[in-house]
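Below is start-v1.csv, holding CSV, N, CA and C atoms.
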```
chain,number,residue,atom,x,y,z
A,21,ARG,N,-8.6,21.8,0.0
A,21,ARG,CA,-9.0,20.4,-0.2
A,21,ARG,C,-10.5,20.3,-0.5
A,22,ASP,N,-11.3,21.2,0.1
A,22,ASP,CA,-12.7,21.0,0.0
A,22,ASP,C,-13.2,21.1,-1.4
A,23,SER,N,-12.7,22.1,-2.2
A,23,SER,CA,-13.3,22.3,-3.5
A,23,SER,C,-12.6,21.5,-4.5
A,24,GLY,N,-11.3,21.1,-4.3
A,24,GLY,CA,-10.6,20.3,-5.2
A,24,GLY,C,-10.0,21.2,-6.3
A,25,ILE,N,-10.1,22.5,-6.2
A,25,ILE,CA,-9.5,23.4,-7.2
A,25,ILE,C,-8.2,24.0,-6.7
A,26,ILE,N,-7.2,24.0,-7.6
A,26,ILE,CA,-5.9,24.6,-7.3
A,26,ILE,C,-5.9,25.9,-8.0
A,27,HIS,N,-5.6,27.0,-7.3
A,27,HIS,CA,-5.5,28.3,-7.9
A,27,HIS,C,-4.1,28.8,-7.6
A,28,VAL,N,-3.4,29.2,-8.7
A,28,VAL,CA,-2.0,29.6,-8.6
A,28,VAL,C,-1.9,31.1,-9.0
A,29,GLU,N,-1.2,31.8,-8.2
A,29,GLU,CA,-0.8,33.2,-8.5
A,29,GLU,C,0.7,33.3,-8.2
A,30,ALA,N,1.4,34.0,-9.2
A,30,ALA,CA,2.8,34.2,-9.0
A,30,ALA,C,3.2,35.6,-9.5
A,31,PRO,N,4.3,36.2,-9.0
A,31,PRO,CA,4.7,37.5,-9.4
A,31,PRO,C,5.1,37.6,-10.8
A,32,ALA,N,5.4,36.5,-11.5
A,32,ALA,CA,5.8,36.5,-12.9
A,32,ALA,C,5.2,35.2,-13.5
A,33,GLU,N,5.1,35.3,-14.8
A,33,GLU,CA,4.5,34.1,-15.5
A,33,GLU,C,5.5,33.0,-15.4
A,34,GLU,N,5.1,31.8,-14.9
A,34,GLU,CA,5.9,30.7,-14.7
A,34,GLU,C,5.1,29.4,-14.8
A,35,LEU,N,5.7,28.3,-15.2
A,35,LEU,CA,5.0,27.0,-15.3
A,35,LEU,C,5.1,26.3,-13.9
A,36,PHE,N,4.0,25.8,-13.4
A,36,PHE,CA,4.0,25.1,-12.2
A,36,PHE,C,3.5,23.7,-12.4
A,37,THR,N,4.0,22.7,-11.7
A,37,THR,CA,3.6,21.3,-11.8
A,37,THR,C,2.8,20.8,-10.6
A,38,LEU,N,2.1,19.7,-10.8
A,38,LEU,CA,1.4,19.1,-9.7
A,38,LEU,C,2.4,18.7,-8.6
A,39,GLY,N,3.6,18.2,-9.0
A,39,GLY,CA,4.6,17.8,-8.0
A,39,GLY,C,5.0,19.0,-7.1
A,40,GLN,N,5.1,20.2,-7.7
A,40,GLN,CA,5.5,21.4,-6.9
A,40,GLN,C,4.3,21.7,-6.0
A,41,PHE,N,3.1,21.6,-6.4
A,41,PHE,CA,2.0,21.8,-5.5
A,41,PHE,C,2.0,20.8,-4.4
A,42,PHE,N,2.1,19.6,-4.6
A,42,PHE,CA,2.2,18.6,-3.6
A,42,PHE,C,3.3,18.9,-2.6
A,43,GLY,N,4.5,19.3,-3.1
A,43,GLY,CA,5.6,19.6,-2.3
A,43,GLY,C,5.3,20.8,-1.4
A,44,VAL,N,4.7,21.9,-1.9
A,44,VAL,CA,4.4,23.0,-1.1
A,44,VAL,C,3.3,22.6,-0.1
A,45,TRP,N,2.4,21.8,-0.5
A,45,TRP,CA,1.3,21.3,0.4
A,45,TRP,C,1.9,20.4,1.5
A,46,GLY,N,3.1,19.8,1.2
A,46,GLY,CA,3.7,18.9,2.2
A,46,GLY,C,3.0,17.5,2.2
A,47,GLU,N,2.5,17.1,1.0
A,47,GLU,CA,1.9,15.8,0.9
A,47,GLU,C,2.6,14.9,-0.1
A,48,ALA,N,2.5,13.6,0.1
A,48,ALA,CA,3.1,12.6,-0.8
A,48,ALA,C,2.3,12.4,-2.1
A,49,LEU,N,3.1,12.2,-3.2
A,49,LEU,CA,2.5,11.8,-4.4
A,49,LEU,C,3.5,10.9,-5.1
A,50,SER,N,3.4,9.6,-4.9
A,50,SER,CA,4.4,8.6,-5.5
A,50,SER,C,3.7,7.3,-5.9
A,51,ASP,N,4.5,6.4,-6.4
A,51,ASP,CA,3.9,5.1,-6.7
A,51,ASP,C,3.6,4.3,-5.4
A,52,GLN,N,4.1,4.7,-4.3
A,52,GLN,CA,3.9,4.0,-3.0
A,52,GLN,C,2.9,4.7,-2.1
A,53,GLN,N,2.6,6.0,-2.3
A,53,GLN,CA,1.7,6.7,-1.4
A,53,GLN,C,1.1,7.9,-2.1
A,54,VAL,N,-0.2,8.2,-1.8
A,54,VAL,CA,-0.9,9.4,-2.3
A,54,VAL,C,-1.5,10.0,-1.0
A,55,LEU,N,-1.1,11.3,-0.8
A,55,LEU,CA,-1.4,12.0,0.4
A,55,LEU,C,-1.0,11.2,1.6
A,56,ASP,N,-1.9,10.9,2.6
A,56,ASP,CA,-1.5,10.1,3.8
A,56,ASP,C,-1.8,8.6,3.6
A,57,ARG,N,-2.1,8.2,2.4
A,57,ARG,CA,-2.5,6.8,2.1
A,57,ARG,C,-1.5,6.0,1.4
A,58,PRO,N,-0.7,5.2,2.2
A,58,PRO,CA,0.2,4.2,1.5
A,58,PRO,C,-0.6,3.2,0.7
A,59,LEU,N,-0.1,2.9,-0.5
A,59,LEU,CA,-0.8,1.9,-1.3
A,59,LEU,C,-0.5,0.5,-0.7
A,60,GLY,N,-1.6,-0.2,-0.6
A,60,GLY,CA,-1.6,-1.6,-0.1
A,60,GLY,C,-1.2,-2.6,-1.2
A,61,THR,N,-1.2,-3.8,-0.8
A,61,THR,CA,-1.0,-4.9,-1.8
A,61,THR,C,-2.1,-4.9,-2.8
A,62,ASN,N,-1.7,-5.1,-4.1
A,62,ASN,CA,-2.6,-5.1,-5.2
A,62,ASN,C,-3.3,-3.7,-5.5
A,63,GLN,N,-2.8,-2.6,-4.9
A,63,GLN,CA,-3.3,-1.3,-5.1
A,63,GLN,C,-2.3,-0.6,-6.0
A,64,HIS,N,-2.9,0.3,-6.9
A,64,HIS,CA,-2.1,1.1,-7.8
A,64,HIS,C,-2.6,2.5,-7.8
A,65,ARG,N,-1.8,3.4,-8.3
A,65,ARG,CA,-2.2,4.8,-8.5
A,65,ARG,C,-2.6,5.0,-9.9
A,66,TYR,N,-3.8,5.6,-10.2
A,66,TYR,CA,-4.2,5.8,-11.5
A,66,TYR,C,-4.5,7.3,-11.6
A,67,THR,N,-4.0,7.9,-12.7
A,67,THR,CA,-4.1,9.4,-12.9
A,67,THR,C,-4.8,9.6,-14.2
A,68,PHE,N,-5.7,10.6,-14.2
A,68,PHE,CA,-6.4,11.0,-15.4
A,68,PHE,C,-6.3,12.5,-15.5
A,69,VAL,N,-6.1,13.0,-16.8
A,69,VAL,CA,-6.0,14.4,-17.1
A,69,VAL,C,-7.1,14.7,-18.1
A,70,ASP,N,-8.0,15.6,-17.8
A,70,ASP,CA,-9.1,15.9,-18.7
A,70,ASP,C,-9.8,14.6,-19.1
A,71,GLY,N,-10.0,13.7,-18.2
A,71,GLY,CA,-10.7,12.4,-18.4
A,71,GLY,C,-10.0,11.3,-19.1
A,72,LEU,N,-8.7,11.6,-19.5
A,72,LEU,CA,-7.9,10.6,-20.2
A,72,LEU,C,-6.8,10.0,-19.3
A,73,PRO,N,-6.5,8.7,-19.4
A,73,PRO,CA,-5.5,8.1,-18.6
A,73,PRO,C,-4.1,8.9,-18.8
A,74,PHE,N,-3.4,9.1,-17.8
A,74,PHE,CA,-2.1,9.7,-17.8
A,74,PHE,C,-1.1,8.7,-17.3
A,75,GLU,N,-0.2,8.2,-18.2
A,75,GLU,CA,0.7,7.1,-17.9
A,75,GLU,C,2.0,7.6,-17.2
A,76,GLY,N,2.4,8.8,-17.3
A,76,GLY,CA,3.6,9.3,-16.8
A,76,GLY,C,3.6,9.6,-15.3
A,77,ASP,N,4.6,10.2,-14.8
A,77,ASP,CA,4.7,10.6,-13.4
A,77,ASP,C,3.7,11.8,-13.2
A,78,PRO,N,2.7,11.7,-12.4
A,78,PRO,CA,1.8,12.8,-12.2
A,78,PRO,C,2.4,14.0,-11.6
A,79,ARG,N,3.6,13.9,-11.0
A,79,ARG,CA,4.3,15.1,-10.5
A,79,ARG,C,4.7,16.0,-11.6
A,80,THR,N,4.8,15.5,-12.9
A,80,THR,CA,5.3,16.3,-14.0
A,80,THR,C,4.1,17.0,-14.7
A,81,ILE,N,2.9,16.8,-14.3
A,81,ILE,CA,1.8,17.5,-15.0
A,81,ILE,C,1.8,19.0,-14.8
A,82,VAL,N,1.9,19.7,-15.9
A,82,VAL,CA,1.9,21.2,-15.8
A,82,VAL,C,0.5,21.7,-15.5
A,83,LEU,N,0.4,22.5,-14.5
A,83,LEU,CA,-0.9,23.1,-14.1
A,83,LEU,C,-1.3,24.2,-15.1
A,84,THR,N,-2.4,24.0,-15.8
A,84,THR,CA,-2.9,25.0,-16.8
A,84,THR,C,-4.3,25.4,-16.4
A,85,ASP,N,-4.8,26.4,-17.0
A,85,ASP,CA,-6.2,26.9,-16.8
A,85,ASP,C,-7.2,25.7,-17.1
A,86,LEU,N,-8.1,25.5,-16.1
A,86,LEU,CA,-9.2,24.6,-16.3
A,86,LEU,C,-8.8,23.2,-16.6
A,87,LEU,N,-7.7,22.8,-16.1
A,87,LEU,CA,-7.2,21.4,-16.3
A,87,LEU,C,-7.9,20.5,-15.2
A,88,SER,N,-8.4,19.4,-15.6
A,88,SER,CA,-9.0,18.5,-14.7
A,88,SER,C,-8.0,17.3,-14.5
A,89,ILE,N,-7.7,17.1,-13.2
A,89,ILE,CA,-6.8,16.0,-12.8
A,89,ILE,C,-7.5,15.2,-11.8
A,90,GLU,N,-7.5,13.9,-12.0
A,90,GLU,CA,-8.1,13.0,-11.0
A,90,GLU,C,-7.1,11.9,-10.7
A,91,ILE,N,-6.8,11.7,-9.4
A,91,ILE,CA,-5.9,10.6,-9.0
A,91,ILE,C,-6.8,9.6,-8.2
A,92,GLN,N,-6.6,8.3,-8.6
A,92,GLN,CA,-7.4,7.3,-7.9
A,92,GLN,C,-6.4,6.3,-7.3
A,93,VAL,N,-6.7,5.6,-6.2
A,93,VAL,CA,-5.9,4.5,-5.7
A,93,VAL,C,-6.8,3.3,-5.5
A,94,GLY,N,-6.4,2.2,-6.0
A,94,GLY,CA,-7.2,1.0,-5.9
A,94,GLY,C,-6.7,-0.1,-6.7
A,95,PRO,N,-7.4,-1.3,-6.7
A,95,PRO,CA,-6.9,-2.4,-7.5
A,95,PRO,C,-7.1,-2.2,-9.0
A,96,ALA,N,-8.1,-1.4,-9.4
A,96,ALA,CA,-8.3,-1.1,-10.8
A,96,ALA,C,-8.9,0.3,-10.9
A,97,PRO,N,-8.8,1.0,-12.0
A,97,PRO,CA,-9.3,2.3,-12.1
A,97,PRO,C,-10.9,2.3,-12.2
A,98,LEU,N,-11.5,3.3,-11.7
A,98,LEU,CA,-12.9,3.5,-11.8
A,98,LEU,C,-13.2,4.5,-12.9
A,99,ASP,N,-14.5,4.7,-13.2
A,99,ASP,CA,-14.8,5.7,-14.2
A,99,ASP,C,-14.5,7.1,-13.6
A,100,VAL,N,-14.0,7.9,-14.4
A,100,VAL,CA,-13.6,9.3,-14.0
A,100,VAL,C,-14.9,10.0,-13.6
A,101,LEU,N,-14.8,10.7,-12.5
A,101,LEU,CA,-15.9,11.5,-12.0
A,101,LEU,C,-16.1,12.8,-12.8
A,102,PRO,N,-17.3,13.1,-13.1
A,102,PRO,CA,-17.5,14.4,-13.9
A,102,PRO,C,-17.2,15.6,-13.0
A,103,PHE,N,-16.7,16.6,-13.6
A,103,PHE,CA,-16.4,17.9,-12.8
A,103,PHE,C,-16.7,19.0,-13.7
A,104,GLU,N,-17.4,20.0,-13.1
A,104,GLU,CA,-17.7,21.2,-13.8
A,104,GLU,C,-17.1,22.4,-13.0
A,105,PHE,N,-16.3,23.2,-13.6
A,105,PHE,CA,-15.8,24.4,-12.9
A,105,PHE,C,-16.9,25.3,-12.6
A,106,PRO,N,-16.9,26.0,-11.5
A,106,PRO,CA,-17.9,27.1,-11.2
A,106,PRO,C,-17.8,28.1,-12.3
A,107,THR,N,-19.0,28.7,-12.6
A,107,THR,CA,-19.0,29.7,-13.7
A,107,THR,C,-18.1,30.9,-13.5
A,108,ASP,N,-17.7,31.2,-12.3
A,108,ASP,CA,-16.8,32.3,-12.0
A,108,ASP,C,-15.4,32.0,-12.4
A,109,PHE,N,-15.1,30.7,-12.7
A,109,PHE,CA,-13.8,30.3,-13.2
A,109,PHE,C,-13.7,30.4,-14.7
A,110,LEU,N,-14.8,30.4,-15.4
A,110,LEU,CA,-14.7,30.4,-16.8
A,110,LEU,C,-14.5,31.7,-17.5
```

Kindly return the structure encoded in the file as structure tokens.
Amino acid sequence: RDSGIIHVEAPAEELFTLGQFFGVWGEALSDQQVLDRPLGTNQHRYTFVDGLPFEGDPRTIVLTDLLSIEIQVGPAPLDVLPFEFPTDFL
């Protein structure tokens, strides 16, 4: 949680999704709740992939190298936060 970076290693090449990660992590990711935070009245979940709005179910996002995913909860979306991967990830 501290770095915000997901690193995946598997014995064979396979596609993994953000939903699988949240499932293994044991955390919620739905229209009603993100992590341990239930959405309140007039709150919505906003998802951004590489800085662009993602309108689908974020659980379906396929995790790929250096993909930036930002999930926000609130009455309206905020500007996407800038993120730079550490140089040892490039």

Original post:
Neighbours of Leu59 of chain A within 10 Å (only C-alpha atoms; same-chain residues fewer than 5 positions away dropped), as an MDAnalysis selection string?
Top reply: chainID A and resid 50:54 64:65 93:95

Subject >> Interatomic distance (Å, one decimal) between atom CA of Gln40 of chain A and atom C of Leu55 of chain A >> reply: 14.8 Å

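Secondary structure by DSSP on the backbone puts the following residues of chain A in helix (DSSP H, G or I): Leu38, Gly39, Gln40, Phe41, Phe42, Gly43, Val44, Trp45, Pro78, Arg79, Thr80, Thr107, Asp108 and Phe109 of chain A.
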
**OP:** Would you please give, as a ChimeraX atom specification, all residues of chain A that DSSP assigns to strand (DSSP E or B) based on the backbone?
**Re:** /A:37,49,53-54,57-58,64-69,72-74,82,89-94

Could the residues in this selection be saved with N, CA and C atoms as a PDB file, keeping the file's coordinate frame?
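Result written to part_34.pdb:
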```
ATOM      1  N   THR A  37       4.000  22.700 -11.700  1.00  0.00           N
ATOM      2  CA  THR A  37       3.600  21.300 -11.800  1.00  0.00           C
ATOM      3  C   THR A  37       2.800  20.800 -10.600  1.00  0.00           C
ATOM      4  N   LEU A  49       3.100  12.200  -3.200  1.00  0.00           N
ATOM      5  CA  LEU A  49       2.500  11.800  -4.400  1.00  0.00           C
ATOM      6  C   LEU A  49       3.500  10.900  -5.100  1.00  0.00           C
ATOM      7  N   GLN A  53       2.600   6.000  -2.300  1.00  0.00           N
ATOM      8  CA  GLN A  53       1.700   6.700  -1.400  1.00  0.00           C
ATOM      9  C   GLN A  53       1.100   7.900  -2.100  1.00  0.00           C
ATOM     10  N   VAL A  54      -0.200   8.200  -1.800  1.00  0.00           N
ATOM     11  CA  VAL A  54      -0.900   9.400  -2.300  1.00  0.00           C
ATOM     12  C   VAL A  54      -1.500  10.000  -1.000  1.00  0.00           C
ATOM     13  N   ARG A  57      -2.100   8.200   2.400  1.00  0.00           N
ATOM     14  CA  ARG A  57      -2.500   6.800   2.100  1.00  0.00           C
ATOM     15  C   ARG A  57      -1.500   6.000   1.400  1.00  0.00           C
ATOM     16  N   PRO A  58      -0.700   5.200   2.200  1.00  0.00           N
ATOM     17  CA  PRO A  58       0.200   4.200   1.500  1.00  0.00           C
ATOM     18  C   PRO A  58      -0.600   3.200   0.700  1.00  0.00           C
ATOM     19  N   HIS A  64      -2.900   0.300  -6.900  1.00  0.00           N
ATOM     20  CA  HIS A  64      -2.100   1.100  -7.800  1.00  0.00           C
ATOM     21  C   HIS A  64      -2.600   2.500  -7.800  1.00  0.00           C
ATOM     22  N   ARG A  65      -1.800   3.400  -8.300  1.00  0.00           N
ATOM     23  CA  ARG A  65      -2.200   4.800  -8.500  1.00  0.00           C
ATOM     24  C   ARG A  65      -2.600   5.000  -9.900  1.00  0.00           C
ATOM     25  N   TYR A  66      -3.800   5.600 -10.200  1.00  0.00           N
ATOM     26  CA  TYR A  66      -4.200   5.800 -11.500  1.00  0.00           C
ATOM     27  C   TYR A  66      -4.500   7.300 -11.600  1.00  0.00           C
ATOM     28  N   THR A  67      -4.000   7.900 -12.700  1.00  0.00           N
ATOM     29  CA  THR A  67      -4.100   9.400 -12.900  1.00  0.00           C
ATOM     30  C   THR A  67      -4.800   9.600 -14.200  1.00  0.00           C
ATOM     31  N   PHE A  68      -5.700  10.600 -14.200  1.00  0.00           N
ATOM     32  CA  PHE A  68      -6.400  11.000 -15.400  1.00  0.00           C
ATOM     33  C   PHE A  68      -6.300  12.500 -15.500  1.00  0.00           C
ATOM     34  N   VAL A  69      -6.100  13.000 -16.800  1.00  0.00           N
ATOM     35  CA  VAL A  69      -6.000  14.400 -17.100  1.00  0.00           C
ATOM     36  C   VAL A  69      -7.100  14.700 -18.100  1.00  0.00           C
ATOM     37  N   LEU A  72      -8.700  11.600 -19.500  1.00  0.00           N
ATOM     38  CA  LEU A  72      -7.900  10.600 -20.200  1.00  0.00           C
ATOM     39  C   LEU A  72      -6.800  10.000 -19.300  1.00  0.00           C
ATOM     40  N   PRO A  73      -6.500   8.700 -19.400  1.00  0.00           N
ATOM     41  CA  PRO A  73      -5.500   8.100 -18.600  1.00  0.00           C
ATOM     42  C   PRO A  73      -4.100   8.900 -18.800  1.00  0.00           C
ATOM     43  N   PHE A  74      -3.400   9.100 -17.800  1.00  0.00           N
ATOM     44  CA  PHE A  74      -2.100   9.700 -17.800  1.00  0.00           C
ATOM     45  C   PHE A  74      -1.100   8.700 -17.300  1.00  0.00           C
ATOM     46  N   VAL A  82       1.900  19.700 -15.900  1.00  0.00           N
ATOM     47  CA  VAL A  82       1.900  21.200 -15.800  1.00  0.00           C
ATOM     48  C   VAL A  82       0.500  21.700 -15.500  1.00  0.00           C
ATOM     49  N   ILE A  89      -7.700  17.100 -13.200  1.00  0.00           N
ATOM     50  CA  ILE A  89      -6.800  16.000 -12.800  1.00  0.00           C
ATOM     51  C   ILE A  89      -7.500  15.200 -11.800  1.00  0.00           C
ATOM     52  N   GLU A  90      -7.500  13.900 -12.000  1.00  0.00           N
ATOM     53  CA  GLU A  90      -8.100  13.000 -11.000  1.00  0.00           C
ATOM     54  C   GLU A  90      -7.100  11.900 -10.700  1.00  0.00           C
ATOM     55  N   ILE A  91      -6.800  11.700  -9.400  1.00  0.00           N
ATOM     56  CA  ILE A  91      -5.900  10.600  -9.000  1.00  0.00           C
ATOM     57  C   ILE A  91      -6.800   9.600  -8.200  1.00  0.00           C
ATOM     58  N   GLN A  92      -6.600   8.300  -8.600  1.00  0.00           N
ATOM     59  CA  GLN A  92      -7.400   7.300  -7.900  1.00  0.00           C
ATOM     60  C   GLN A  92      -6.400   6.300  -7.300  1.00  0.00           C
ATOM     61  N   VAL A  93      -6.700   5.600  -6.200  1.00  0.00           N
ATOM     62  CA  VAL A  93      -5.900   4.500  -5.700  1.00  0.00           C
ATOM     63  C   VAL A  93      -6.800   3.300  -5.500  1.00  0.00           C
ATOM     64  N   GLY A  94      -6.400   2.200  -6.000  1.00  0.00           N
ATOM     65  CA  GLY A  94      -7.200   1.000  -5.900  1.00  0.00           C
ATOM     66  C   GLY A  94      -6.700  -0.100  -6.700  1.00  0.00           C
TER      67      GLY A  94
END
```

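Proximity of A:Gly39, A:Gly46, A:Val28, A:Tyr66 to Glu90 of chain A, computed with all atoms listed in the file, is greatest for A:Tyr66.
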
Original post:
Please, what distance in Å, to one decimal, runs between atom CA of Gly76 of chain A and atom CA of Pro106 of chain A?
Top reply: 28.5 Å

**OP:** Measuring atom to atom with only C-alpha atoms, identify which of A:Glu34, A:Leu86, A:Arg79, A:Val69 is nearest to Glu47 of chain A.
**Re:** A:Arg79

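Pairwise distance (atom CA of Thr67 of chain A, atom C of Ile91 of chain A) equals 5.4 Å.
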
Need to verify the contact set: Ser88 of chain A, 10 Å, only C-alpha atoms, exclusion of same-chain residues closer than 6 positions in sequence. Can you return it as a PDB file with N, CA and C atoms, in the coordinates of the input?
```pdb
ATOM      1  N   GLY A  24     -11.300  21.100  -4.300  1.00  0.00           N
ATOM      2  CA  GLY A  24     -10.600  20.300  -5.200  1.00  0.00           C
ATOM      3  C   GLY A  24     -10.000  21.200  -6.300  1.00  0.00           C
ATOM      4  N   ILE A  25     -10.100  22.500  -6.200  1.00  0.00           N
ATOM      5  CA  ILE A  25      -9.500  23.400  -7.200  1.00  0.00           C
ATOM      6  C   ILE A  25      -8.200  24.000  -6.700  1.00  0.00           C
ATOM      7  N   PHE A  68      -5.700  10.600 -14.200  1.00  0.00           N
ATOM      8  CA  PHE A  68      -6.400  11.000 -15.400  1.00  0.00           C
ATOM      9  C   PHE A  68      -6.300  12.500 -15.500  1.00  0.00           C
ATOM     10  N   VAL A  69      -6.100  13.000 -16.800  1.00  0.00           N
ATOM     11  CA  VAL A  69      -6.000  14.400 -17.100  1.00  0.00           C
ATOM     12  C   VAL A  69      -7.100  14.700 -18.100  1.00  0.00           C
ATOM     13  N   ASP A  70      -8.000  15.600 -17.800  1.00  0.00           N
ATOM     14  CA  ASP A  70      -9.100  15.900 -18.700  1.00  0.00           C
ATOM     15  C   ASP A  70      -9.800  14.600 -19.100  1.00  0.00           C
ATOM     16  N   GLY A  71     -10.000  13.700 -18.200  1.00  0.00           N
ATOM     17  CA  GLY A  71     -10.700  12.400 -18.400  1.00  0.00           C
ATOM     18  C   GLY A  71     -10.000  11.300 -19.100  1.00  0.00           C
ATOM     19  N   LEU A  72      -8.700  11.600 -19.500  1.00  0.00           N
ATOM     20  CA  LEU A  72      -7.900  10.600 -20.200  1.00  0.00           C
ATOM     21  C   LEU A  72      -6.800  10.000 -19.300  1.00  0.00           C
ATOM     22  N   PRO A 102     -17.300  13.100 -13.100  1.00  0.00           N
ATOM     23  CA  PRO A 102     -17.500  14.400 -13.900  1.00  0.00           C
ATOM     24  C   PRO A 102     -17.200  15.600 -13.000  1.00  0.00           C
ATOM     25  N   PHE A 103     -16.700  16.600 -13.600  1.00  0.00           N
ATOM     26  CA  PHE A 103     -16.400  17.900 -12.800  1.00  0.00           C
ATOM     27  C   PHE A 103     -16.700  19.000 -13.700  1.00  0.00           C
ATOM     28  N   GLU A 104     -17.400  20.000 -13.100  1.00  0.00           N
ATOM     29  CA  GLU A 104     -17.700  21.200 -13.800  1.00  0.00           C
ATOM     30  C   GLU A 104     -17.100  22.400 -13.000  1.00  0.00           C
ATOM     31  N   PHE A 105     -16.300  23.200 -13.600  1.00  0.00           N
ATOM     32  CA  PHE A 105     -15.800  24.400 -12.900  1.00  0.00           C
ATOM     33  C   PHE A 105     -16.900  25.300 -12.600  1.00  0.00           C
TER      34      PHE A 105
END
```

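Ranking A:Leu49, A:Leu35, A:Leu101, A:Ala30 by their shortest atom-to-atom distance to Ile89 of chain A, with only C-alpha atoms included, puts A:Leu101 first.
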
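Restricting the calculation to only N, CA and C atoms, the smallest distance between Ala96 of chain A and any of A:Gln63, A:Ser23, A:Ala48, A:Glu33 is found for A:Gln63.
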
Original post:
Pick the closest to Ile81 of chain A from A:His27, A:Thr107, A:Pro58, A:Leu38: which is it, counting only N, CA and C atoms?
Top reply: A:Leu38
